[in-house]
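Just final_5.cif here, mmCIF, C-alpha atoms:
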data_start
loop_
_atom_site.label_atom_id
_atom_site.label_comp_id
_atom_site.auth_asym_id
_atom_site.auth_seq_id
_atom_site.Cartn_x
_atom_site.Cartn_y
_atom_site.Cartn_z
CA MET P 16 120.95 6.87 -4.55
CA ARG P 17 119.49 3.62 -5.91
CA GLY P 18 116.24 5.30 -6.90
CA VAL P 19 117.83 8.16 -8.87
CA GLN P 20 116.58 8.15 -12.46
CA ASN P 21 118.22 9.56 -15.58
CA THR P 22 115.45 12.16 -15.65
CA ASP P 23 116.39 13.27 -12.12
CA PHE P 24 119.97 13.79 -13.26
CA LEU P 25 118.86 15.77 -16.32
CA GLN P 26 116.53 17.88 -14.21
CA ALA P 27 119.34 18.78 -11.81
CA ILE P 28 121.60 19.78 -14.73
CA THR P 29 118.82 21.86 -16.28
CA LEU P 30 118.09 23.51 -12.95
CA ILE P 31 121.71 24.64 -12.55
CA SER P 32 122.06 25.59 -16.22
CA THR P 33 119.02 27.88 -16.12
CA TYR P 34 120.14 29.27 -12.75
CA HIS P 35 123.52 30.21 -14.23
CA ARG P 36 121.76 31.77 -17.19
CA ARG P 37 119.58 33.86 -14.89
CA GLN P 38 122.58 34.93 -12.81
CA GLU P 39 124.32 36.10 -15.99
CA ASP P 40 121.26 38.15 -16.98
CA VAL P 41 121.24 39.77 -13.54
CA ARG P 42 124.98 40.49 -13.74
CA LEU P 43 124.45 42.19 -17.11
CA ASP P 44 121.75 44.32 -15.48
CA LYS P 45 119.12 43.32 -17.99
CA PRO P 46 115.59 44.71 -17.58
CA LYS P 47 113.48 42.63 -15.22
CA ASP P 48 111.19 41.38 -17.96
CA GLU P 49 114.19 40.13 -19.95
CA ILE P 50 115.78 38.12 -17.15
CA ARG P 51 115.31 34.44 -17.90
CA GLY P 52 113.77 32.17 -15.30
CA VAL P 53 115.06 29.10 -13.47
CA SER P 54 113.32 25.90 -14.53
CA CYS P 55 113.59 22.14 -14.75
CA LYS P 56 110.24 21.41 -16.39
CA GLY P 57 110.04 19.14 -19.39
CA GLY P 58 110.37 21.94 -21.93
CA ALA P 59 113.47 23.31 -20.24
CA VAL P 60 115.05 19.83 -20.10
CA LEU P 61 114.37 19.32 -23.81
CA ALA P 62 115.94 22.71 -24.53
CA LEU P 63 119.14 21.83 -22.64
CA ARG P 64 122.11 22.28 -24.95
CA ARG P 65 124.67 19.55 -25.35
CA ASP P 66 127.59 21.79 -24.37
CA ASP P 67 125.77 22.82 -21.16
CA TYR P 68 125.15 19.17 -20.34
CA GLN P 69 128.81 18.30 -20.88
CA ALA P 70 130.00 21.28 -18.86
CA LEU P 71 127.77 20.49 -15.88
CA ARG P 72 127.67 16.69 -15.92
CA ASP P 73 130.53 16.08 -13.46
CA HIS P 74 129.49 19.07 -11.36
CA VAL P 75 126.01 17.61 -10.85
CA LEU P 76 127.38 14.10 -10.27
CA THR P 77 129.42 15.58 -7.42
CA GLY P 78 126.21 17.15 -6.10
CA PHE P 79 124.45 13.78 -5.95
CA LEU P 80 127.44 12.20 -4.19
CA ARG P 81 127.39 15.03 -1.65
CA ALA P 82 123.65 14.44 -1.25
CA ALA P 83 124.37 10.79 -0.39
CA LYS P 84 126.86 11.89 2.26
CA PHE P 85 124.45 14.50 3.63
CA LEU P 86 121.64 11.95 3.93
CA THR P 87 123.91 9.44 5.67
CA LEU P 88 124.84 12.13 8.20
CA GLU P 89 121.10 12.66 8.72
CA HIS P 90 120.80 8.90 9.44
CA ILE P 91 118.90 8.08 6.28
CA PHE P 92 120.79 4.96 5.27
CA LEU P 93 118.72 3.13 2.65
CA ASN P 94 116.66 4.11 -0.37
CA ARG P 95 113.52 2.67 1.26
CA ASP P 96 113.92 5.18 4.12
CA LEU P 97 114.37 8.22 1.86
CA PRO P 98 111.44 10.56 2.61
CA TYR P 99 111.23 12.15 -0.85
CA GLN P 100 112.96 10.91 -3.99
CA THR P 101 111.89 14.16 -5.67
CA GLN P 102 113.72 16.39 -3.18
CA LEU P 103 117.04 14.84 -4.23
CA VAL P 104 117.05 16.95 -7.41
CA ALA P 105 117.06 20.25 -5.52
CA LEU P 106 119.36 18.89 -2.80
CA ALA P 107 121.97 17.71 -5.32
CA ALA P 108 121.79 21.02 -7.22
CA ILE P 109 122.18 23.07 -4.02
CA LEU P 110 125.12 21.01 -2.75
CA ALA P 111 126.81 21.10 -6.16
CA GLU P 112 126.61 24.91 -6.25
CA LEU P 113 127.77 25.34 -2.64
CA GLY P 114 130.99 23.46 -3.32
CA ASP P 115 133.07 22.39 -0.33
CA ARG P 116 131.39 25.10 1.70
CA TRP P 117 128.37 22.83 2.20
CA GLU P 118 130.18 21.05 5.04
CA GLU P 119 130.79 24.23 7.06
CA ILE P 120 128.68 24.31 10.22
CA GLY P 121 126.57 27.38 9.42
CA THR P 122 125.95 26.35 5.84
CA LYS P 123 125.11 22.76 6.73
CA GLN P 124 122.67 23.91 9.38
CA LYS P 125 120.73 25.99 6.84
CA VAL P 126 120.71 23.12 4.34
CA ARG P 127 119.43 20.85 7.14
CA GLN P 128 116.67 23.28 8.04
CA TRP P 129 115.57 23.60 4.42
CA TYR P 130 115.68 19.82 3.94
CA TRP P 131 113.66 18.97 7.04
CA CYS P 132 111.13 21.72 6.36
CA GLY P 133 110.54 20.09 2.97
CA VAL P 134 110.18 16.63 4.53
CA LEU P 135 108.17 17.40 7.66
CA GLY P 136 106.12 20.10 5.96
CA GLU P 137 105.40 17.46 3.29
CA LEU P 138 106.07 19.94 0.53
CA TYR P 139 107.76 17.66 -2.00
CA GLY P 140 104.85 15.43 -2.97
CA GLY P 141 103.23 15.60 -6.41
CA ALA P 142 104.49 17.93 -9.13
CA VAL P 143 107.51 19.72 -7.69
CA GLU P 144 109.31 21.35 -10.63
CA SER P 145 108.19 24.83 -9.58
CA ARG P 146 109.43 24.23 -6.04
CA HIS P 147 112.80 23.06 -7.39
CA ALA P 148 113.04 26.27 -9.41
CA ARG P 149 112.31 28.41 -6.34
CA ASP P 150 114.43 26.46 -3.88
CA LEU P 151 117.75 26.56 -5.74
CA PRO P 152 118.09 30.38 -6.01
CA GLU P 153 116.32 31.04 -2.70
CA VAL P 154 118.42 28.62 -0.62
CA LEU P 155 121.66 29.79 -2.25
CA GLY P 156 120.71 33.44 -1.71
CA TRP P 157 119.81 32.72 1.91
CA ILE P 158 123.15 31.00 2.55
CA ARG P 159 125.46 33.19 0.49
CA ASP P 160 123.93 36.64 0.83
CA GLY P 161 121.74 36.46 3.91
CA ALA P 162 118.59 36.86 1.81
CA THR P 163 115.12 36.21 3.21
CA LEU P 164 113.98 32.73 4.20
CA PRO P 165 113.27 30.40 1.28
CA ASN P 166 109.58 29.76 0.66
CA THR P 167 110.00 26.11 1.64
CA VAL P 168 111.34 27.10 5.08
CA ARG P 169 108.85 29.91 5.53
CA ASP P 170 105.75 27.98 4.45
CA ALA P 171 106.47 24.64 6.12
CA ASN P 172 104.42 23.63 9.12
CA PHE P 173 103.87 20.40 10.97
CA ASN P 174 100.38 20.06 12.41
CA PRO P 175 100.64 18.21 15.78
CA ASP P 176 97.54 16.18 14.87
CA ARG P 177 99.49 14.71 11.95
CA LEU P 178 101.34 12.43 14.38
CA LEU P 179 98.18 10.33 14.74
CA THR P 180 97.97 9.67 11.01
CA LEU P 181 101.62 8.74 10.40
CA ARG P 182 101.49 4.93 10.38
CA THR P 183 103.47 3.59 7.41
CA ARG P 184 106.46 4.28 5.19
CA ASN P 185 104.07 5.65 2.58
CA SER P 186 104.48 9.01 4.31
CA ALA P 187 107.61 11.15 3.96
CA ALA P 188 107.08 12.65 7.43
CA TYR P 189 106.88 9.13 8.95
CA LYS P 190 110.27 8.22 7.49
CA GLY P 191 111.65 11.62 8.44
CA ILE P 192 110.71 11.30 12.12
CA TYR P 193 112.15 7.77 12.15
CA ALA P 194 115.49 9.14 10.90
CA LEU P 195 115.43 12.03 13.39
CA LEU P 196 114.89 9.60 16.27
CA ILE P 197 117.97 7.62 15.24
CA GLN P 198 119.94 10.80 14.64
CA SER P 199 119.03 12.24 18.05
CA GLY P 200 120.91 9.42 19.75
CA GLY P 201 118.59 6.42 19.87
CA ARG P 202 120.60 3.39 20.99
CA GLU P 203 119.94 -0.32 20.44
CA PHE P 204 118.05 -1.73 23.43
CA LEU P 205 120.17 -4.86 24.02
CA THR P 206 123.65 -3.67 23.05
CA ASP P 207 123.53 0.04 23.99
CA GLU P 208 125.25 0.81 20.69
CA PRO P 209 124.36 3.96 18.77
CA ILE P 210 122.45 3.17 15.59
CA SER P 211 125.00 3.77 12.85
CA PHE P 212 125.00 2.48 9.28
CA ARG P 213 126.91 -0.58 10.47
CA THR P 214 124.55 -1.47 13.32
CA TYR P 215 121.53 -0.57 11.17
CA GLU P 216 122.54 -3.29 8.72
CA GLU P 217 123.97 -5.86 11.14
CA GLU P 218 121.15 -5.66 13.68
CA LYS P 219 118.42 -5.37 11.04
CA ILE P 220 117.00 -2.22 12.61
CA ASP P 221 113.43 -1.42 11.65
CA ILE P 222 110.38 0.46 12.93
CA HIS P 223 108.52 -1.53 15.60
CA HIS P 224 105.84 -0.93 18.21
CA ILE P 225 106.82 0.11 21.75
CA PHE P 226 103.54 -1.03 23.28
CA PRO P 227 103.06 -4.25 21.26
CA GLN P 228 100.01 -4.59 19.03
CA ASP P 229 98.74 -7.66 20.91
CA TRP P 230 98.91 -5.81 24.22
CA CYS P 231 97.17 -2.77 22.71
CA LYS P 232 94.36 -4.93 21.33
CA ARG P 233 93.88 -6.68 24.67
CA ASN P 234 93.70 -3.32 26.39
CA GLU P 235 91.40 -1.75 23.78
CA ILE P 236 93.82 0.95 22.62
CA GLU P 237 92.35 2.54 19.51
CA ARG P 238 94.13 1.55 16.33
CA LYS P 239 95.08 5.08 15.24
CA ARG P 240 97.15 5.50 18.40
CA MET P 241 98.43 1.94 18.51
CA ASP P 242 99.91 2.09 15.01
CA CYS P 243 101.02 5.72 14.73
CA ILE P 244 104.64 6.92 14.91
CA VAL P 245 104.24 7.95 18.56
CA ASN P 246 104.09 4.25 19.52
CA LYS P 247 106.99 3.19 17.30
CA THR P 248 110.74 3.42 17.34
CA ALA P 249 113.90 1.92 15.83
CA ILE P 250 114.38 -1.58 17.26
CA SER P 251 116.49 -4.52 16.10
CA SER P 252 114.78 -7.69 14.92
CA ARG P 253 116.39 -9.57 17.83
CA THR P 254 114.99 -7.14 20.40
CA ASN P 255 111.59 -7.20 18.72
CA ARG P 256 111.43 -10.98 19.05
CA ILE P 257 112.05 -10.69 22.81
CA ILE P 258 109.34 -8.03 23.11
CA GLY P 259 106.78 -10.15 21.30
CA GLY P 260 103.26 -9.26 22.45
CA ALA P 261 104.06 -8.89 26.14
CA ALA P 262 103.27 -5.93 28.35
CA PRO P 263 106.18 -3.47 28.57
CA SER P 264 106.57 -4.17 32.31
CA LYS P 265 107.27 -7.81 31.42
CA TYR P 266 109.39 -7.44 28.30
CA LEU P 267 111.65 -4.87 30.00
CA LEU P 268 112.44 -7.46 32.66
CA SER P 269 113.18 -9.98 29.91
CA LEU P 270 115.55 -7.53 28.23
CA GLU P 271 117.35 -6.86 31.52
CA LYS P 272 117.76 -10.57 32.20
CA ARG P 273 118.80 -11.47 28.64
CA GLY P 274 121.28 -8.62 28.28
CA GLN P 275 122.35 -8.49 31.95
CA ILE P 276 121.38 -4.82 31.91
CA ALA P 277 120.87 -2.77 35.06
CA THR P 278 117.44 -1.14 35.30
CA SER P 279 118.97 2.36 35.37
CA LYS P 280 121.01 1.56 32.26
CA LEU P 281 117.99 0.32 30.32
CA ASP P 282 116.05 3.39 31.42
CA HIS P 283 118.81 5.56 29.96
CA ILE P 284 118.70 3.63 26.68
CA LEU P 285 114.92 4.04 26.53
CA SER P 286 115.26 7.78 27.13
CA THR P 287 117.43 8.07 24.00
CA HIS P 288 114.28 7.04 22.09
CA LEU P 289 112.25 9.74 23.88
CA ILE P 290 110.41 7.06 25.86
CA ALA P 291 109.05 7.95 29.32
CA CYS P 292 110.52 5.05 31.30
CA GLU P 293 108.29 5.27 34.37
CA ALA P 294 105.10 5.23 32.31
CA LEU P 295 106.40 2.33 30.21
CA ARG P 296 107.32 0.25 33.26
CA LYS P 297 103.84 0.83 34.71
CA ASP P 298 102.15 -0.12 31.41
CA ASN P 299 100.59 3.35 31.43
CA PHE P 300 99.89 3.88 27.75
CA GLU P 301 98.16 7.24 28.22
CA ALA P 302 101.04 8.84 30.14
CA PHE P 303 103.61 7.31 27.78
CA PHE P 304 101.74 8.48 24.69
CA GLU P 305 101.27 12.08 25.82
CA ALA P 306 104.87 12.47 26.99
CA ARG P 307 106.29 11.03 23.79
CA ARG P 308 103.95 13.07 21.62
CA ARG P 309 105.29 16.25 23.24
CA ASP P 310 108.90 15.10 22.88
CA LEU P 311 108.44 14.21 19.22
CA LEU P 312 106.97 17.64 18.53
CA ASP P 313 110.03 19.20 20.19
CA LEU P 314 112.29 17.04 18.01
CA ILE P 315 110.37 18.08 14.90
CA GLY P 316 110.46 21.74 15.91
CA LYS P 317 114.24 21.68 16.33
CA ALA P 318 114.75 20.10 12.90
CA MET P 319 112.44 22.63 11.20
CA GLY P 320 113.62 25.60 13.23
CA LYS P 321 110.04 26.45 14.17
CA THR P 322 107.31 25.28 16.53
CA PRO P 323 104.69 22.89 15.06
CA VAL P 324 101.34 24.67 14.95
CA ALA P 325 97.81 23.28 14.70
CA ALA P 326 96.07 24.14 11.45
CA ALA P 327 93.55 26.42 13.17
CA GLU P 328 96.41 28.51 14.58
CA HIS P 329 98.02 29.29 11.22
CA ILE P 330 98.37 32.83 10.02
CA TRP P 331 97.07 32.80 6.46
CA LEU P 332 98.20 35.24 3.79
CA VAL P 333 97.20 35.49 0.15
CA SER P 334 99.87 34.75 -2.42
CA PHE P 335 99.65 37.72 -4.74
CA MET P 336 102.39 36.17 -6.88
CA ASP P 337 99.84 33.66 -8.16
CA TYR P 338 96.44 35.25 -7.69
CA ASP P 339 95.12 38.73 -7.14
CA LEU P 340 91.81 37.69 -5.67
CA GLY P 341 91.79 39.21 -2.22
CA TYR P 342 93.36 41.72 0.11
CA PHE P 343 94.96 41.43 3.51
CA ASP P 344 93.52 43.62 6.27
CA HIS P 345 96.50 44.60 8.44
CA GLU P 346 94.24 45.86 11.20
CA THR P 347 92.30 42.64 11.71
CA CYS P 348 95.04 40.33 10.37
CA ARG P 349 92.46 38.57 8.21
CA LEU P 350 92.32 37.71 4.57
CA GLU P 351 89.23 39.21 2.98
CA PRO P 352 88.39 37.36 -0.28
CA LEU P 353 86.98 39.29 -3.21
CA ASP P 354 84.02 37.99 -5.17
CA ASN P 355 85.44 35.06 -7.08
CA PRO P 356 83.96 31.57 -7.53
CA PHE P 357 87.35 29.95 -7.03
CA GLY P 358 88.40 31.98 -3.99
CA PRO P 359 91.92 33.24 -3.28
CA LYS P 360 94.91 30.98 -3.04
CA VAL P 361 96.15 31.04 0.56
CA LEU P 362 99.37 29.70 1.94
CA PRO P 363 100.37 28.93 5.56
CA MET P 364 103.00 31.35 6.81
CA SER P 365 105.19 31.44 9.90
CA PRO P 366 104.22 34.10 12.47
CA GLU P 367 107.26 36.17 11.52
#
Now that the file is in, can you turn its structure into structure tokens?
Amino acid sequence: MRGVQNTDFLQAITLISTYHRRQEDVRLDKPKDEIRGVSCKGGAVLALRRDDYQALRDHVLTGFLRAAKFLTLEHIFLNRDLPYQTQLVALAAILAELGDRWEEIGTKQKVRQWYWCGVLGELYGGAVESRHARDLPEVLGWIRDGATLPNTVRDANFNPDRLLTLRTRNSAAYKGIYALLIQSGGREFLTDEPISFRTYEEEKIDIHHIFPQDWCKRNEIERKRMDCIVNKTAISSRTNRIIGGAAPSKYLLSLEKRGQIATSKLDHILSTHLIACEALRKDNFEAFFEARRRDLLDLIGKAMGKTPVAAAEHIWLVSFMDYDLGYFDHETCRLEPLDNPFGPKVLPMSPE
């Protein structure tokens, strides 16, 4: 929570305050055009009343504390590893409104799916106030009343080609996949301990190359594959020093000797990082890379609750909520744009 700003806290309060106001309008059966909207934009924050702030202050604080617990359970331990600071506003508001129910299995699973769709679909970059305003009522309606999928879940997609461009912590998806790898059971190479908050701190776990950079350069592996997330995993600083720039076939022997680890045991540890052991031991970068790419896409698909799809395979629909610039031909399943210099706004949709 170190990066949470006072403006984030005020936005979360405003989001819940306007949501309650809208719910009251619906309960009173007001005409549709008189029902007030949910918002956390600057104007709405400035219009926040003092009594609403005081009434919701502790409620929202509880939401942020629950968000910290949720993120720790997702194996996001430090502020530097948080995929999106901006998504915390909606997450805290959702968890505040769900109360203790947020920890129930079914509820938590839906919150997880929404969260990872936001991260891996990279939907929380830039200006996000409108997404906050949609996500709070949509996620709560989905969980409480079995309403339709929230837009963030429905619209999110991870293009498999994106794996090749995820190389640094500047990307939310990069940090997200890193956390999912730890969460899925990745164990420390030398100690065979699961990577918990304690071991993360004590062992100085960080993202390091599996096929070392020096080896990749000597073997003319192109940089985009050498440095992408497919060739990286969570490794302690101690293990990384042993690895150095050696070929995997050599550093694995060094790890076995140093840690007195049986080959079969080390192979099991490597498999918890979705590493194809046979390919690694044979220094076969191509086989390793393709196998791990497939496994990472499976991991991503499970977190998002949908299969990653290449951009060309998307089903595209016009968003008539924003623009009325085209029509959808149900026979050909194609969007036919009308004459307009700006073209229709299209959004990626899941096949369902």
Radius query 12 Å about (106.2, 16.0, -9.4), atoms used: only C-alpha atoms, as number ranges by chain: P: 22-23, 26, 55-57, 99-102, 104, 138-147
Non-local contacts of segment 34-51 of chain P (8 Å; all atoms listed in the file; under 4 positions in same chain excluded) as a list in words: Leu30, Leu151 and Pro152 of chain P
Å distance separating atom CA of Gly114 of chain P from atom CA of Ser54 of chain P, one decimal place: 21.1 Å
Distance query Gly259 of chain P at most 10 Å, only C-alpha atoms, self and fewer than 3 positions along chain excluded, as number ranges by chain: P: 224, 226-230, 254-256, 262-263, 266
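For the residues P:Ala27, P:Ile244, P:Ile284, P:Cys132, ranking by smallest atom-to-atom distance to Pro165 of chain P using all atoms listed in the file places P:Cys132 first.
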For atom CA of Lys321 of chain P and atom CA of Leu179 of chain P, the interatomic separation in Å (one decimal):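 Distance reported for this atom pair: 20.0 Å.
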Atom pair atom CA of Ile210 of chain P / atom CA of Ser286 of chain P: separation (Å):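 Separating atom CA of Ile210 of chain P from atom CA of Ser286 of chain P is a distance of 14.4 Å.
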Excluding Lys232 of chain P and residues on its chain fewer than 6 positions from it, collect all residues at most 10 Å away from it, counting all atoms listed in the file, and give them as a PDB file with C-alpha atoms, keeping the file's coordinate frame.
ATOM      1  CA  ARG P 238      94.130   1.550  16.330  1.00  0.00           C
ATOM      2  CA  MET P 241      98.430   1.940  18.510  1.00  0.00           C
ATOM      3  CA  GLY P 260     103.260  -9.260  22.450  1.00  0.00           C
TER       4      GLY P 260
END
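Candidate residues P:Asp96, P:Glu112, P:Glu217, P:Asp176 were compared for distance to Lys190 of chain P, and the nearest is P:Asp96, using all atoms listed in the file.
Take the candidates P:Met16, P:Cys231, P:Leu181, P:Leu289 and check each one against Thr87 of chain P using only C-alpha atoms; the shortest distance goes to P:Met16.
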Spatial sel., origin (120.0, -2.8, 16.5), limit 7 Å, only C-alpha atoms, listed as a list in words: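 The requested residues, written out, are Glu203, Ile210, Thr214, Tyr215, Glu218, Lys219, Ile220, Ile250 and Ser251 of chain P.
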Contacts of Gly201 of chain P within 7 Å, all atoms listed in the file, excl. fewer than 3 positions in-chain, as a ChimeraX atom specification: /P:196-198,209-210,287-288
Given the PyMOL selection byres ((chain P and resi 299) around 12) and the file above, list the residues it selects as a PDB file with C-alpha atoms, in the coordinates of the input.
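Contents of selection_8.pdb, as written:
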ATOM      1  CA  ILE P 225     106.820   0.110  21.750  1.00  0.00           C
ATOM      2  CA  PHE P 226     103.540  -1.030  23.280  1.00  0.00           C
ATOM      3  CA  TRP P 230      98.910  -5.810  24.220  1.00  0.00           C
ATOM      4  CA  CYS P 231      97.170  -2.770  22.710  1.00  0.00           C
ATOM      5  CA  ASN P 234      93.700  -3.320  26.390  1.00  0.00           C
ATOM      6  CA  ILE P 236      93.820   0.950  22.620  1.00  0.00           C
ATOM      7  CA  ALA P 262     103.270  -5.930  28.350  1.00  0.00           C
ATOM      8  CA  PRO P 263     106.180  -3.470  28.570  1.00  0.00           C
ATOM      9  CA  SER P 264     106.570  -4.170  32.310  1.00  0.00           C
ATOM     10  CA  ILE P 290     110.410   7.060  25.860  1.00  0.00           C
ATOM     11  CA  ALA P 291     109.050   7.950  29.320  1.00  0.00           C
ATOM     12  CA  CYS P 292     110.520   5.050  31.300  1.00  0.00           C
ATOM     13  CA  GLU P 293     108.290   5.270  34.370  1.00  0.00           C
ATOM     14  CA  ALA P 294     105.100   5.230  32.310  1.00  0.00           C
ATOM     15  CA  LEU P 295     106.400   2.330  30.210  1.00  0.00           C
ATOM     16  CA  ARG P 296     107.320   0.250  33.260  1.00  0.00           C
ATOM     17  CA  LYS P 297     103.840   0.830  34.710  1.00  0.00           C
ATOM     18  CA  ASP P 298     102.150  -0.120  31.410  1.00  0.00           C
ATOM     19  CA  PHE P 300      99.890   3.880  27.750  1.00  0.00           C
ATOM     20  CA  GLU P 301      98.160   7.240  28.220  1.00  0.00           C
ATOM     21  CA  ALA P 302     101.040   8.840  30.140  1.00  0.00           C
ATOM     22  CA  PHE P 303     103.610   7.310  27.780  1.00  0.00           C
ATOM     23  CA  PHE P 304     101.740   8.480  24.690  1.00  0.00           C
ATOM     24  CA  GLU P 305     101.270  12.080  25.820  1.00  0.00           C
ATOM     25  CA  ALA P 306     104.870  12.470  26.990  1.00  0.00           C
TER      26      ALA P 306
END
Evaluate the PyMOL selection byres ((chain P and resi 313-316) around 10) and report residues as a tab-separated table (two decimals) with C-alpha atoms, in the frame of the given file:
chain	number	residue	atom	x	y	z
P	131	TRP	CA	113.66	18.97	7.04
P	132	CYS	CA	111.13	21.72	6.36
P	135	LEU	CA	108.17	17.40	7.66
P	172	ASN	CA	104.42	23.63	9.12
P	173	PHE	CA	103.87	20.40	10.97
P	175	PRO	CA	100.64	18.21	15.78
P	188	ALA	CA	107.08	12.65	7.43
P	191	GLY	CA	111.65	11.62	8.44
P	192	ILE	CA	110.71	11.30	12.12
P	195	LEU	CA	115.43	12.03	13.39
P	196	LEU	CA	114.89	9.60	16.27
P	199	SER	CA	119.03	12.24	18.05
P	289	LEU	CA	112.25	9.74	23.88
P	307	ARG	CA	106.29	11.03	23.79
P	308	ARG	CA	103.95	13.07	21.62
P	309	ARG	CA	105.29	16.25	23.24
P	310	ASP	CA	108.90	15.10	22.88
P	311	LEU	CA	108.44	14.21	19.22
P	312	LEU	CA	106.97	17.64	18.53
P	317	LYS	CA	114.24	21.68	16.33
P	318	ALA	CA	114.75	20.10	12.90
P	319	MET	CA	112.44	22.63	11.20
P	320	GLY	CA	113.62	25.60	13.23
P	321	LYS	CA	110.04	26.45	14.17
P	322	THR	CA	107.31	25.28	16.53
P	323	PRO	CA	104.69	22.89	15.06
P	324	VAL	CA	101.34	24.67	14.95
I want to know what sits within 7 Å of Glu89 of chain P, based on all atoms listed in the file, with residues of the same chain fewer than 3 positions away left out; could you give that as a CSV table (one decimal) with C-alpha atoms, keeping the file's coordinate frame?
chain,number,residue,atom,x,y,z
P,85,PHE,CA,124.4,14.5,3.6
P,86,LEU,CA,121.6,12.0,3.9
P,194,ALA,CA,115.5,9.1,10.9
P,198,GLN,CA,119.9,10.8,14.6
Since I can't run it myself right now, could you work out what the PyMOL selection byres ((chain P and resi 123) around 12) selects here and report it as a PDB file with C-alpha atoms, in the frame of the given file?
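out00.pdb, written as the output of this step:
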ATOM      1  CA  ARG P  81     127.390  15.030  -1.650  1.00  0.00           C
ATOM      2  CA  ALA P  82     123.650  14.440  -1.250  1.00  0.00           C
ATOM      3  CA  LYS P  84     126.860  11.890   2.260  1.00  0.00           C
ATOM      4  CA  PHE P  85     124.450  14.500   3.630  1.00  0.00           C
ATOM      5  CA  LEU P  86     121.640  11.950   3.930  1.00  0.00           C
ATOM      6  CA  LEU P  88     124.840  12.130   8.200  1.00  0.00           C
ATOM      7  CA  GLU P  89     121.100  12.660   8.720  1.00  0.00           C
ATOM      8  CA  LEU P 106     119.360  18.890  -2.800  1.00  0.00           C
ATOM      9  CA  ILE P 109     122.180  23.070  -4.020  1.00  0.00           C
ATOM     10  CA  LEU P 110     125.120  21.010  -2.750  1.00  0.00           C
ATOM     11  CA  LEU P 113     127.770  25.340  -2.640  1.00  0.00           C
ATOM     12  CA  GLY P 114     130.990  23.460  -3.320  1.00  0.00           C
ATOM     13  CA  ASP P 115     133.070  22.390  -0.330  1.00  0.00           C
ATOM     14  CA  ARG P 116     131.390  25.100   1.700  1.00  0.00           C
ATOM     15  CA  TRP P 117     128.370  22.830   2.200  1.00  0.00           C
ATOM     16  CA  GLU P 118     130.180  21.050   5.040  1.00  0.00           C
ATOM     17  CA  GLU P 119     130.790  24.230   7.060  1.00  0.00           C
ATOM     18  CA  ILE P 120     128.680  24.310  10.220  1.00  0.00           C
ATOM     19  CA  GLY P 121     126.570  27.380   9.420  1.00  0.00           C
ATOM     20  CA  THR P 122     125.950  26.350   5.840  1.00  0.00           C
ATOM     21  CA  GLN P 124     122.670  23.910   9.380  1.00  0.00           C
ATOM     22  CA  LYS P 125     120.730  25.990   6.840  1.00  0.00           C
ATOM     23  CA  VAL P 126     120.710  23.120   4.340  1.00  0.00           C
ATOM     24  CA  ARG P 127     119.430  20.850   7.140  1.00  0.00           C
ATOM     25  CA  GLN P 128     116.670  23.280   8.040  1.00  0.00           C
ATOM     26  CA  TRP P 129     115.570  23.600   4.420  1.00  0.00           C
ATOM     27  CA  TYR P 130     115.680  19.820   3.940  1.00  0.00           C
ATOM     28  CA  VAL P 154     118.420  28.620  -0.620  1.00  0.00           C
ATOM     29  CA  LEU P 155     121.660  29.790  -2.250  1.00  0.00           C
ATOM     30  CA  ILE P 158     123.150  31.000   2.550  1.00  0.00           C
TER      31      ILE P 158
END
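Compared by their closest atoms to Leu103 of chain P, and using only C-alpha atoms, the residues P:Ser269, P:Thr167, P:Gln20, P:Thr206 rank with P:Gln20 nearest.
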From P:Ala171, P:Ala187, P:Ala162, P:Leu25, residue lying nearest Leu76 of chain P [all atoms listed in the file]: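 Closest to Leu76 of chain P, using all atoms listed in the file: P:Leu25.
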